[in-house]
Structures are given as C-alpha cells and as structure tokens.
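Listing of structure.cif; format and content: mmCIF, C-alpha atoms.
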data_work
loop_
_atom_site.label_atom_id
_atom_site.label_comp_id
_atom_site.auth_asym_id
_atom_site.auth_seq_id
_atom_site.Cartn_x
_atom_site.Cartn_y
_atom_site.Cartn_z
CA MET A 1 -108.39 59.62 140.81
CA ARG A 2 -107.47 60.82 137.35
CA ARG A 3 -107.84 63.98 135.34
CA ALA A 4 -107.07 63.16 131.73
CA GLU A 5 -106.83 66.14 129.41
CA ARG A 6 -108.32 65.16 126.06
CA PRO A 7 -107.26 67.70 123.42
CA ASP A 8 -108.40 65.28 120.68
CA VAL A 9 -112.04 65.62 121.79
CA GLY A 10 -111.81 68.89 123.70
CA GLY A 11 -112.07 69.01 127.46
CA CYS A 12 -111.02 66.41 129.97
CA GLU A 13 -112.11 63.12 131.48
CA LEU A 14 -112.51 62.90 135.26
CA LYS A 15 -112.58 59.47 136.82
CA LEU A 16 -111.83 57.28 139.77
CA THR A 17 -109.95 54.22 138.54
CA GLN A 18 -109.21 50.96 140.29
CA LYS A 19 -106.77 48.42 138.89
CA VAL A 20 -106.89 44.98 140.46
CA PRO A 21 -103.91 42.82 139.45
CA ALA A 22 -104.53 39.49 137.75
CA GLY A 23 -104.26 36.53 140.08
CA GLN A 24 -101.36 35.12 138.08
CA PRO A 25 -97.91 36.38 137.08
CA GLY A 26 -97.07 37.63 133.62
CA ALA A 27 -98.75 39.71 130.99
CA VAL A 28 -102.36 38.94 131.87
CA GLN A 29 -104.58 41.95 132.38
CA GLY A 30 -106.33 42.30 135.71
CA LEU A 31 -109.64 43.98 136.32
CA ILE A 32 -109.93 47.71 135.62
CA THR A 33 -112.96 49.64 136.82
CA ASN A 34 -113.75 53.30 136.24
CA THR A 35 -116.25 55.56 137.92
CA TYR A 36 -116.70 58.71 135.88
CA LEU A 37 -117.00 61.89 137.91
CA SER A 38 -118.70 65.23 137.45
CA LEU A 39 -116.56 68.32 137.94
CA ALA A 40 -118.17 68.89 141.36
CA GLU A 41 -117.42 65.29 142.45
CA TYR A 42 -113.84 65.56 141.18
CA ASP A 43 -113.29 68.89 142.94
CA LEU A 44 -114.66 67.50 146.21
CA LEU A 45 -112.39 64.43 146.10
CA ALA A 46 -109.42 66.54 144.97
CA SER A 47 -109.82 68.73 148.05
CA LEU A 48 -109.04 65.77 150.34
CA PRO A 49 -105.46 65.30 151.55
CA ALA A 50 -103.60 62.90 149.26
CA ALA A 51 -100.29 62.14 147.64
CA VAL A 52 -100.21 63.21 143.98
CA LEU A 53 -98.52 61.44 141.09
CA SER A 54 -98.02 63.61 138.00
CA LYS A 55 -97.36 62.19 134.56
CA THR A 56 -98.17 62.72 130.93
CA ARG A 57 -99.51 59.74 129.00
CA PHE A 58 -98.81 59.34 125.30
CA SER A 59 -100.80 56.86 123.27
CA VAL A 60 -98.61 54.67 121.07
CA PRO A 61 -100.93 51.67 120.48
CA PRO A 62 -100.91 49.20 121.98
CA LEU A 63 -98.80 51.11 124.50
CA GLY A 64 -99.68 53.90 126.86
CA VAL A 65 -96.35 55.61 127.57
CA ASP A 66 -96.19 57.49 130.88
CA VAL A 67 -93.56 60.21 131.33
CA PHE A 68 -93.36 61.11 135.01
CA GLU A 69 -92.83 64.52 136.58
CA GLY A 70 -91.75 65.73 140.03
CA PRO A 71 -89.60 63.38 142.14
CA LEU A 72 -90.02 60.66 139.51
CA GLN A 73 -88.86 62.89 136.63
CA GLY A 74 -86.98 60.82 134.08
CA LEU A 75 -89.00 57.67 134.70
CA VAL A 76 -90.81 56.44 131.60
CA LEU A 77 -93.12 53.43 131.84
CA ALA A 78 -94.97 51.82 128.97
CA GLU A 79 -98.13 49.91 129.71
CA ALA A 80 -99.52 47.62 127.04
CA GLU A 81 -103.30 47.44 126.82
CA PHE A 82 -105.15 44.65 125.07
CA THR A 83 -108.71 43.52 124.51
CA GLY A 84 -107.93 39.96 125.59
CA ASP A 85 -105.37 37.73 127.28
CA GLN A 86 -104.27 36.09 124.01
CA GLU A 87 -103.12 39.43 122.60
CA ALA A 88 -101.12 40.03 125.77
CA LEU A 89 -99.47 36.62 125.64
CA VAL A 90 -98.13 37.09 122.09
CA PHE A 91 -97.05 40.73 122.54
CA VAL A 92 -93.35 41.39 122.01
CA PRO A 93 -92.20 44.68 123.57
CA PRO A 94 -90.25 47.03 121.32
CA PRO A 95 -86.46 47.10 121.81
CA GLU A 96 -86.71 50.51 123.53
CA CYS A 97 -88.29 48.75 126.51
CA VAL A 98 -85.30 47.94 128.70
CA ALA A 99 -86.92 46.19 131.68
CA GLU A 100 -90.07 44.17 132.32
CA VAL A 101 -91.72 45.36 135.54
CA THR A 102 -95.22 43.90 135.13
CA ASP A 103 -94.90 41.73 138.23
CA ASP A 104 -92.99 44.28 140.32
CA ALA A 105 -95.51 45.98 142.64
CA ARG A 106 -93.06 48.84 143.23
CA PHE A 107 -93.90 50.17 139.77
CA THR A 108 -97.64 50.47 140.38
CA GLY A 109 -99.18 53.90 140.86
CA GLY A 110 -99.99 53.12 144.48
CA ARG A 111 -96.32 52.51 145.31
CA LEU A 112 -94.80 55.11 142.99
CA VAL A 113 -96.89 57.91 144.49
CA GLY A 114 -95.05 57.50 147.79
CA ALA A 115 -91.60 56.76 146.40
CA THR A 116 -88.69 59.10 146.89
CA ARG A 117 -86.21 59.74 144.12
CA GLN A 118 -83.58 57.73 146.00
CA GLN A 119 -85.93 54.74 146.33
CA LEU A 120 -86.73 54.91 142.62
CA LEU A 121 -83.03 55.02 141.70
CA ALA A 122 -82.37 52.00 143.93
CA TRP A 123 -85.24 50.04 142.35
CA LEU A 124 -84.00 50.88 138.85
CA ALA A 125 -80.45 49.88 139.79
CA GLU A 126 -81.77 46.37 140.52
CA TYR A 127 -82.64 46.22 136.81
CA GLY A 128 -79.20 47.54 135.82
CA ILE A 129 -80.65 50.95 134.95
CA ARG A 130 -78.67 53.98 136.08
CA PRO A 131 -79.34 57.63 135.22
CA SER A 132 -76.91 59.28 132.85
CA GLY A 133 -77.26 62.86 134.09
CA PRO A 134 -77.25 64.72 137.41
CA GLN A 135 -79.23 63.15 140.22
#
In structure tokens, write the structure found in this file.
Amino acid sequence: MRRAERPDVGGCELKLTQKVPAGQPGAVQGLITNTYLSLAEYDLLASLPAAVLSKTRFSVPPLGVDVFEGPLQGLVLAEAEFTGDQEALVFVPPPECVAEVTDDARFTGGRLVGATRQQLLAWLAEYGIRPSGPQ
C-alpha cells in the first residue's frame, strides 16, 4: 500500500501496488499492477496491523531514487523504469550506482520491510559496501 505525496499536482495518490518479478534474470521489467484507493479505503487498510517501510522517492528519469528512513536510514536504491524491455536492456547505470541488486530478492520492498539494520549491513557487506559513519 502506498501513499505518494504529489506536490507537483497538489494532494496525494493512494494505491495498492503489486510488483510481480519477471520470469527471467536481468533488467527485464515484471508486471506492475495498481489499484487506486479512496481516502476511506486507504484509511481502512492502513488501520490493519502491518510492517511499514518509509522512504522518499525522487524522480530522476529514468530512475526513481528511494532514500530510506527508520532502520534502513542511509540506504539509497535507484530503480530504473522503462516503457519496454529493449530500453531496459540497453540502459547503462550512472557511475554513482555502486551495486546491481535487480536479481537480489533481499532488496525488494517485501523483504526490506522486515529487515533489521544489522541484516541490511550484512547484505551490503556482501557487495563490498560498508557505512562510513556511526552504526
């Protein structure tokens, strides 16, 4: 479930999103479905017990750059979005992208929402990424 503040258009977008991974490895987009919610529907679903993942998304086309908060503070993931598979196949990530985690299920929202800071640091260490400041 997502609440996306939209200052560019005023207001926010409330939706239930499902991302189904592509059936093959690599930069091929899977299926994404959205069910848009009314405020009453969103409030009802938000009242149910659930783990919460907080992040701010910045749009830097073709990337959506997520800056995480809470236990995942310091994690920044960039997700490339394309209109077709061919665009994805020729995409070259900018040099600021230090690890490719497309095929690593640990970096999906469903896994990150339950991850502890120590788990995240261990996963990043497998990519040779270590934090520079206090833990």
Answer key for the PyMOL selection byres ((chain A and resi 32-36) around 9), residues as an NGL selection string | :A and (13-21 or 29-31 or 37-38)
Could you write out as a PyMOL selection string the residues that the PyMOL selection byres ((chain A and resi 73) around 12) matches in the shown file?
-> chain A and resi 53-56+66-72+74-77+112+115-118+120-121+131+133-135
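Evaluating the PyMOL selection byres ((chain A and resi 64) around 9) against the shown model yields Arg57, Phe58, Ser59, Val60, Pro61, Pro62, Leu63, Val65, Asp66, Leu77, Ala78, Glu79, Ala80 and Glu81 of chain A.
With only C-alpha atoms as the atoms that count, the residue of A:Leu124, A:Asp103, A:Arg130, A:Gly114 with the shortest distance to Ala22 of chain A is A:Asp103.
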With a distance cut-off of 10 Å and only C-alpha atoms, select the neighbouring residues of Gly128 of chain A, excluding the residue or stretch itself and same-chain residues fewer than 5 positions from it, and output the selection as a list in words.
-> Val98, Ala99, Ala122 and Trp123 of chain A
How far is it from atom CA of Val101 of chain A to atom CA of Ala4 of chain A, in Å with one decimal?
-> 23.8 Å
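Of note, atom CA of Pro7 of chain A and atom CA of Leu39 of chain A are spaced 17.3 Å apart.
Of note, atom CA of Glu87 of chain A and atom CA of Phe107 of chain A are spaced 22.3 Å apart.
With distances restricted to all atoms listed in the file, A:Ser47 is the closest residue to Met1 of chain A from A:Thr102, A:Thr83, A:Ser47, A:Ser132.
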Please, could all heavy atoms be added to segment 40-51 of chain A and the result written as a PDB file, in the coordinates of the input?
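To be explicit, this is the file written out as selection-v7.pdb:
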ATOM      1  N   ALA A  40    -117.942  68.666 139.929  1.00  0.00           N
ATOM      2  CA  ALA A  40    -118.170  68.890 141.360  1.00  0.00           C
ATOM      3  C   ALA A  40    -117.659  67.711 142.187  1.00  0.00           C
ATOM      4  O   ALA A  40    -117.031  67.899 143.238  1.00  0.00           O
ATOM      5  CB  ALA A  40    -119.653  69.137 141.634  1.00  0.00           C
ATOM      6  N   GLU A  41    -117.902  66.482 141.725  1.00  0.00           N
ATOM      7  CA  GLU A  41    -117.420  65.290 142.450  1.00  0.00           C
ATOM      8  C   GLU A  41    -115.893  65.252 142.446  1.00  0.00           C
ATOM      9  O   GLU A  41    -115.264  64.981 143.474  1.00  0.00           O
ATOM     10  CB  GLU A  41    -117.970  64.013 141.794  1.00  0.00           C
ATOM     11  CG  GLU A  41    -119.458  63.847 141.958  1.00  0.00           C
ATOM     12  CD  GLU A  41    -120.042  62.776 141.055  1.00  0.00           C
ATOM     13  OE1 GLU A  41    -119.515  62.560 139.938  1.00  0.00           O
ATOM     14  OE2 GLU A  41    -121.038  62.143 141.474  1.00  0.00           O
ATOM     15  N   TYR A  42    -115.298  65.547 141.290  1.00  0.00           N
ATOM     16  CA  TYR A  42    -113.840  65.560 141.180  1.00  0.00           C
ATOM     17  C   TYR A  42    -113.241  66.601 142.122  1.00  0.00           C
ATOM     18  O   TYR A  42    -112.299  66.326 142.863  1.00  0.00           O
ATOM     19  CB  TYR A  42    -113.415  65.826 139.738  1.00  0.00           C
ATOM     20  CG  TYR A  42    -111.924  65.859 139.564  1.00  0.00           C
ATOM     21  CD1 TYR A  42    -111.210  64.693 139.316  1.00  0.00           C
ATOM     22  CD2 TYR A  42    -111.210  67.047 139.675  1.00  0.00           C
ATOM     23  CE1 TYR A  42    -109.829  64.715 139.162  1.00  0.00           C
ATOM     24  CE2 TYR A  42    -109.832  67.076 139.532  1.00  0.00           C
ATOM     25  CZ  TYR A  42    -109.147  65.913 139.284  1.00  0.00           C
ATOM     26  OH  TYR A  42    -107.788  65.933 139.145  1.00  0.00           O
ATOM     27  N   ASP A  43    -113.805  67.812 142.100  1.00  0.00           N
ATOM     28  CA  ASP A  43    -113.290  68.890 142.940  1.00  0.00           C
ATOM     29  C   ASP A  43    -113.401  68.536 144.421  1.00  0.00           C
ATOM     30  O   ASP A  43    -112.492  68.835 145.205  1.00  0.00           O
ATOM     31  CB  ASP A  43    -114.023  70.206 142.656  1.00  0.00           C
ATOM     32  CG  ASP A  43    -113.616  70.835 141.334  1.00  0.00           C
ATOM     33  OD1 ASP A  43    -112.560  70.450 140.778  1.00  0.00           O
ATOM     34  OD2 ASP A  43    -114.371  71.706 140.848  1.00  0.00           O
ATOM     35  N   LEU A  44    -114.492  67.896 144.811  1.00  0.00           N
ATOM     36  CA  LEU A  44    -114.660  67.500 146.210  1.00  0.00           C
ATOM     37  C   LEU A  44    -113.590  66.476 146.606  1.00  0.00           C
ATOM     38  O   LEU A  44    -112.917  66.629 147.628  1.00  0.00           O
ATOM     39  CB  LEU A  44    -116.053  66.908 146.443  1.00  0.00           C
ATOM     40  CG  LEU A  44    -116.293  66.363 147.851  1.00  0.00           C
ATOM     41  CD1 LEU A  44    -116.244  67.485 148.880  1.00  0.00           C
ATOM     42  CD2 LEU A  44    -117.598  65.619 147.919  1.00  0.00           C
ATOM     43  N   LEU A  45    -113.400  65.446 145.790  1.00  0.00           N
ATOM     44  CA  LEU A  45    -112.390  64.430 146.100  1.00  0.00           C
ATOM     45  C   LEU A  45    -110.979  65.018 146.044  1.00  0.00           C
ATOM     46  O   LEU A  45    -110.125  64.676 146.858  1.00  0.00           O
ATOM     47  CB  LEU A  45    -112.518  63.246 145.136  1.00  0.00           C
ATOM     48  CG  LEU A  45    -113.770  62.383 145.323  1.00  0.00           C
ATOM     49  CD1 LEU A  45    -113.896  61.384 144.185  1.00  0.00           C
ATOM     50  CD2 LEU A  45    -113.766  61.681 146.664  1.00  0.00           C
ATOM     51  N   ALA A  46    -110.737  65.932 145.107  1.00  0.00           N
ATOM     52  CA  ALA A  46    -109.420  66.540 144.970  1.00  0.00           C
ATOM     53  C   ALA A  46    -109.076  67.432 146.160  1.00  0.00           C
ATOM     54  O   ALA A  46    -107.901  67.696 146.418  1.00  0.00           O
ATOM     55  CB  ALA A  46    -109.337  67.346 143.669  1.00  0.00           C
ATOM     56  N   SER A  47    -110.080  67.875 146.891  1.00  0.00           N
ATOM     57  CA  SER A  47    -109.820  68.730 148.050  1.00  0.00           C
ATOM     58  C   SER A  47    -109.353  67.932 149.267  1.00  0.00           C
ATOM     59  O   SER A  47    -108.868  68.517 150.237  1.00  0.00           O
ATOM     60  CB  SER A  47    -111.078  69.540 148.401  1.00  0.00           C
ATOM     61  OG  SER A  47    -112.069  68.690 148.979  1.00  0.00           O
ATOM     62  N   LEU A  48    -109.477  66.609 149.226  1.00  0.00           N
ATOM     63  CA  LEU A  48    -109.040  65.770 150.340  1.00  0.00           C
ATOM     64  C   LEU A  48    -107.527  65.626 150.332  1.00  0.00           C
ATOM     65  O   LEU A  48    -106.902  65.619 149.270  1.00  0.00           O
ATOM     66  CB  LEU A  48    -109.709  64.395 150.245  1.00  0.00           C
ATOM     67  CG  LEU A  48    -111.233  64.388 150.285  1.00  0.00           C
ATOM     68  CD1 LEU A  48    -111.760  62.991 150.009  1.00  0.00           C
ATOM     69  CD2 LEU A  48    -111.745  64.909 151.617  1.00  0.00           C
ATOM     70  N   PRO A  49    -106.917  65.481 151.513  1.00  0.00           N
ATOM     71  CA  PRO A  49    -105.460  65.300 151.550  1.00  0.00           C
ATOM     72  C   PRO A  49    -105.063  64.006 150.844  1.00  0.00           C
ATOM     73  O   PRO A  49    -105.697  62.968 151.049  1.00  0.00           O
ATOM     74  CB  PRO A  49    -105.129  65.211 153.044  1.00  0.00           C
ATOM     75  CG  PRO A  49    -106.376  65.517 153.785  1.00  0.00           C
ATOM     76  CD  PRO A  49    -107.523  65.465 152.829  1.00  0.00           C
ATOM     77  N   ALA A  50    -104.042  64.086 150.003  1.00  0.00           N
ATOM     78  CA  ALA A  50    -103.600  62.900 149.260  1.00  0.00           C
ATOM     79  C   ALA A  50    -102.232  63.148 148.652  1.00  0.00           C
ATOM     80  O   ALA A  50    -101.840  64.295 148.418  1.00  0.00           O
ATOM     81  CB  ALA A  50    -104.597  62.577 148.150  1.00  0.00           C
ATOM     82  N   ALA A  51    -101.531  62.064 148.402  1.00  0.00           N
ATOM     83  CA  ALA A  51    -100.290  62.140 147.640  1.00  0.00           C
ATOM     84  C   ALA A  51    -100.674  62.236 146.168  1.00  0.00           C
ATOM     85  O   ALA A  51    -101.663  61.649 145.740  1.00  0.00           O
ATOM     86  CB  ALA A  51     -99.439  60.906 147.895  1.00  0.00           C
TER      87      ALA A  51
END
